[in-house]
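Working notes for the structure below.
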Amino acid sequence: MKSVLLTGHGGNETVRLGERPMPPADQGNVLVRVKAATLNRVDLYMRNSGAGITHTLPQIMGVDGAGVIEQVDDARTGLKAGQEVVLYPLVSCGHCEFCRRGESVLCTSARTLGEHRDGTLADYIRVPAGNVFPKPATLDFTEAAALGVNYLTAWRMLFTKARVQPWETVLIIGVGGGVSLAALQLARLAGCRTLVTSRDDGKLRRAAALGADHTINDATSDIVAEVKAATGGRGVDVVIENVGTAVWSSVLKSVVRGGRIVTCGATSGDQPPADLRRVFIRQIQILGSTLGTPDEFRHLLGFVERAGLHPVIHARYGLADIHAALDELEAGRQFGKVAVQVD
Ligand SMILES: [Zn+2]
């Protein structure tokens, strides 16, 4: 079967389109014919270094994916051939302390598609039945694939971690990023007032068109001053953040007393000054988050279908154009997902 193979680390020369045998039965009891995948920053990380992520080369790339069930080995799964599905990207052990209490996203031996095991950028993938969910009927395969990482991550940050309420104001840092854009769409549909930042006026215009109530260009203006002006000096209830050092001090000053900051990344650095006095005196909650559970994924899929949410797709590439797709993601010009049509 055709596959995008990671054969080494360093750059696009280590990524090539090749042939691989059909996935072995020990990778799960559902065989899915992949129709579409979307790219994530971690695909660039795997290509460039992959350090700290246990994997065996060559490995098939791709974390997000959607497709059609080709074969189900176990009828008890309730799944059937021909069903249109979207994949949950984390394969957990099912028996550690965290899996047993329903927090499999904390599993001590979880393996992610395209990171620790073969991923979605291939004609076929085999996964456990617990990773296979019916595709929302309102979405095409590319849109559905986009839900796997960014939208699930944003869902857990907003609704599980921050427990955001419809009357609250949410500040979303770096709206050009995939999780941040997902958070904007979800928070808006949940009824929240949204403030977004970016260093790119074009991306801010796109965010405003998607319903952002207030846009802040943090290259030309001060986040804290803008937030204070937009909230009558009060600050926001919740901050959704993955930039880290470059904005952390502004984030701490933008949140209301008792407010919540949820972080899922640190693209500009992960060791900002902690400013602990501000954290405890103002009783700010700082919550770490990454991806989400299968249960949260199920809730997200139902919400997306009912609310009519469509993930934003920036560009669609064919499997043969994987280098161009990775380059486009790396350039950082995108607003929305860079997608790969597999079929
Ligand atoms: Zn586990």
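Just remember, in the structure tokens the first chain shown is A, the second B, etc., residues are 1-based per chain, and ligands are 1-based in the order shown.
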
### Shell of 10 Å around Gly259 (chain A), only C-alpha atoms, local chain residues under 2 positions omitted, as a ChimeraX atom specification
/A:162,235-239,252,254-257,261,279,282-286

### Message
At a cut-off of 7 Å and counting only C-alpha atoms and all ligand atoms, what residues surround ligand 1? Please answer as a PyMOL selection string.
### Response
chain A and resi 92-99+104+107-110

For those residues, write C-alpha atoms to a file as a PDB file, in the first residue's frame.
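And here's out.pdb as it stands now:
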ATOM      1  CA  SER A  92      -3.798   3.580  25.396  1.00  0.00           C
ATOM      2  CA  CYS A  93      -2.994   0.471  27.461  1.00  0.00           C
ATOM      3  CA  GLY A  94      -6.446   0.153  29.047  1.00  0.00           C
ATOM      4  CA  HIS A  95      -5.199  -1.085  32.429  1.00  0.00           C
ATOM      5  CA  CYS A  96      -2.924   1.490  34.074  1.00  0.00           C
ATOM      6  CA  GLU A  97      -4.166   3.663  36.946  1.00  0.00           C
ATOM      7  CA  PHE A  98      -5.093   6.494  34.566  1.00  0.00           C
ATOM      8  CA  CYS A  99      -6.874   4.339  31.984  1.00  0.00           C
ATOM      9  CA  SER A 104      -6.571   7.383  29.239  1.00  0.00           C
ATOM     10  CA  CYS A 107      -1.851   6.686  30.105  1.00  0.00           C
ATOM     11  CA  THR A 108       1.739   5.904  31.031  1.00  0.00           C
ATOM     12  CA  SER A 109       2.260   3.768  27.921  1.00  0.00           C
ATOM     13  CA  ALA A 110       0.003   5.500  25.382  1.00  0.00           C
TER      14      ALA A 110
END

### Task
Check the smallest atom-to-atom distance from each of A:Leu39, A:Val164, A:Ala75, A:Val262 to Gly119 (chain A) using only C-alpha atoms, then report the winner.
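Checking each of A:Leu39, A:Val164, A:Ala75, A:Val262 against Gly119 (chain A), counting only C-alpha atoms, the winner is A:Leu39.
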
### Query
as a VMD selection string, which residues of region 31-187 of chain A does DSSP assign to strand (DSSP E)?
chain A and resid 31 to 38 59 to 60 66 to 72 84 to 87 90 to 91 111 to 112 124 to 127 132 to 134 169 to 172

With C-alpha atoms kept, could you save the residues just selected as a PDB file, in the first residue's frame?
ATOM      1  CA  LEU A  31      -8.852  -1.947   9.153  1.00  0.00           C
ATOM      2  CA  VAL A  32      -9.647   1.521   7.783  1.00  0.00           C
ATOM      3  CA  ARG A  33      -9.117   2.727   4.218  1.00  0.00           C
ATOM      4  CA  VAL A  34      -7.848   6.264   4.786  1.00  0.00           C
ATOM      5  CA  LYS A  35      -9.474   9.034   2.735  1.00  0.00           C
ATOM      6  CA  ALA A  36      -7.920  12.130   4.275  1.00  0.00           C
ATOM      7  CA  ALA A  37      -5.425  13.243   6.879  1.00  0.00           C
ATOM      8  CA  THR A  38      -4.414  16.631   8.237  1.00  0.00           C
ATOM      9  CA  GLN A  59       7.412   4.624  10.155  1.00  0.00           C
ATOM     10  CA  ILE A  60       4.243   5.820   8.440  1.00  0.00           C
ATOM     11  CA  ALA A  66     -10.651   9.789   8.531  1.00  0.00           C
ATOM     12  CA  GLY A  67     -11.820   7.105   6.142  1.00  0.00           C
ATOM     13  CA  VAL A  68     -14.030   4.093   5.537  1.00  0.00           C
ATOM     14  CA  ILE A  69     -13.941   0.804   7.445  1.00  0.00           C
ATOM     15  CA  GLU A  70     -12.617  -1.947   5.180  1.00  0.00           C
ATOM     16  CA  GLN A  71     -12.779  -4.835   7.648  1.00  0.00           C
ATOM     17  CA  VAL A  72     -13.732  -5.507  11.272  1.00  0.00           C
ATOM     18  CA  GLU A  84     -17.443   6.321   7.439  1.00  0.00           C
ATOM     19  CA  VAL A  85     -15.228   6.997  10.433  1.00  0.00           C
ATOM     20  CA  VAL A  86     -12.777   9.384  12.060  1.00  0.00           C
ATOM     21  CA  LEU A  87      -9.843   8.229  14.166  1.00  0.00           C
ATOM     22  CA  LEU A  90      -4.049   7.833  20.985  1.00  0.00           C
ATOM     23  CA  VAL A  91      -3.832   4.086  21.628  1.00  0.00           C
ATOM     24  CA  ARG A 111       1.127   5.343  21.767  1.00  0.00           C
ATOM     25  CA  THR A 112       0.081   8.013  19.278  1.00  0.00           C
ATOM     26  CA  TYR A 124      -4.788   1.708   5.073  1.00  0.00           C
ATOM     27  CA  ILE A 125      -4.355   1.825   8.837  1.00  0.00           C
ATOM     28  CA  ARG A 126      -5.248  -0.730  11.487  1.00  0.00           C
ATOM     29  CA  VAL A 127      -6.319   0.468  14.942  1.00  0.00           C
ATOM     30  CA  VAL A 132     -12.729   4.391  15.627  1.00  0.00           C
ATOM     31  CA  PHE A 133     -15.711   6.786  15.762  1.00  0.00           C
ATOM     32  CA  PRO A 134     -18.538   7.435  13.286  1.00  0.00           C
ATOM     33  CA  THR A 169     -14.900  36.100  28.087  1.00  0.00           C
ATOM     34  CA  VAL A 170     -12.096  34.003  26.588  1.00  0.00           C
ATOM     35  CA  LEU A 171      -8.734  35.323  25.386  1.00  0.00           C
ATOM     36  CA  ILE A 172      -7.152  33.094  22.741  1.00  0.00           C
TER      37      ILE A 172
END

### Message
Nearest residue to Ala207 (chain A) out of A:Leu113, A:Phe335, A:Thr220, A:Ala146, using only C-alpha atoms?
### Response
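Looking at the shortest contact to Ala207 (chain A), the residue is A:Phe335.
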
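Residues in contact with Ala246 (chain A) at 8 Å, where only C-alpha atoms are counted and same-chain residues fewer than 6 positions away are skipped, are listed as Ser268, Gly269 and Pro272 of chain A.
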
#### Entry: Separation of CA of Ala225 (chain A) from CA of Thr245 (chain A) in Å
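Here the two named atoms are 18.4 Å from each other.
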
#### Entry: Nearest candidate to Leu291 (chain A) (options A:Leu309, A:Val340, A:Ile53, A:Leu158; using only C-alpha atoms)
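Nearest to Leu291 (chain A): A:Leu158.
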
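Selecting alpha helix (DSSP H) from the backbone DSSP output for region 28-179 of chain A yields Arg41, Val42, Asp43, Leu44, Tyr45, Met46, Arg47, Asn48, Glu97, Phe98, Cys99, Arg100, Phe141, Thr142, Glu143, Ala144, Ala145, Ala146, Leu152, Thr153, Ala154, Trp155, Gly178 and Val179 of chain A.
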
### Message
Restricting the calculation to only C-alpha atoms: of A:Ile216, A:Thr142, A:Thr153, A:Val251, which residue gets closest to Arg316 (chain A)?
### Response
A:Thr142

### Message
Calculated over only C-alpha atoms, which of the candidates A:Thr197, A:Asn150, A:Gln185, A:Asn242 has the smallest distance to Asp64 (chain A)?
### Response
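Among the listed residues, the smallest separation from Asp64 (chain A) belongs to A:Asn150.
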
#### Entry: Residues within 9 Å of Leu189 (chain A), only C-alpha atoms, excluding chain neighbours under 5 positions, as a list in words
Pro166, Leu184, Ala307 and Leu309 of chain A

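For Asp321 (chain A), the non-local neighbours within 10 Å, defined as residues at least 4 positions apart in the same chain or in other chains and counting only C-alpha atoms, are Leu17, Arg316, Tyr317, Ala325, Leu326, Val340 and Gln341 of chain A.
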
Would you put the residues from that selection into a file with N, CA, C and O atoms, as a CSV table (one decimal), in the first residue's frame?
chain,number,residue,atom,x,y,z
A,17,LEU,N,7.5,8.9,-0.4
A,17,LEU,CA,6.3,8.1,-0.7
A,17,LEU,C,6.8,6.8,-1.1
A,17,LEU,O,7.7,6.6,-2.0
A,316,ARG,N,-5.5,21.8,0.5
A,316,ARG,CA,-5.5,20.4,0.4
A,316,ARG,C,-4.5,19.9,-0.6
A,316,ARG,O,-4.4,20.5,-1.7
A,317,TYR,N,-3.7,18.9,-0.3
A,317,TYR,CA,-2.6,18.4,-1.1
A,317,TYR,C,-2.9,16.9,-1.4
A,317,TYR,O,-3.6,16.3,-0.6
A,325,ALA,N,3.2,20.0,1.2
A,325,ALA,CA,2.3,20.2,2.3
A,325,ALA,C,3.1,20.5,3.6
A,325,ALA,O,2.7,21.4,4.4
A,326,LEU,N,4.2,19.7,3.9
A,326,LEU,CA,5.0,20.0,5.1
A,326,LEU,C,5.6,21.3,5.0
A,326,LEU,O,5.7,22.0,6.0
A,340,VAL,N,-4.1,16.5,3.6
A,340,VAL,CA,-3.6,15.6,2.6
A,340,VAL,C,-4.7,14.6,2.2
A,340,VAL,O,-5.2,13.9,3.1
A,341,GLN,N,-5.1,14.7,0.9
A,341,GLN,CA,-6.1,13.7,0.4
A,341,GLN,C,-5.4,12.4,0.2
A,341,GLN,O,-4.5,12.4,-0.7

### Summary
Here CA of Glu168 (chain A) and CA of Arg205 (chain A) stand apart by 22.6 Å

### Task
Choose the residue, out of A:Glu330, A:Ala81, A:Ala339, A:Pro311, that has the smallest atom-to-atom separation from Gly11 (chain A); count only C-alpha atoms.
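Using only C-alpha atoms, Gly11 (chain A) sits closest to A:Glu330.
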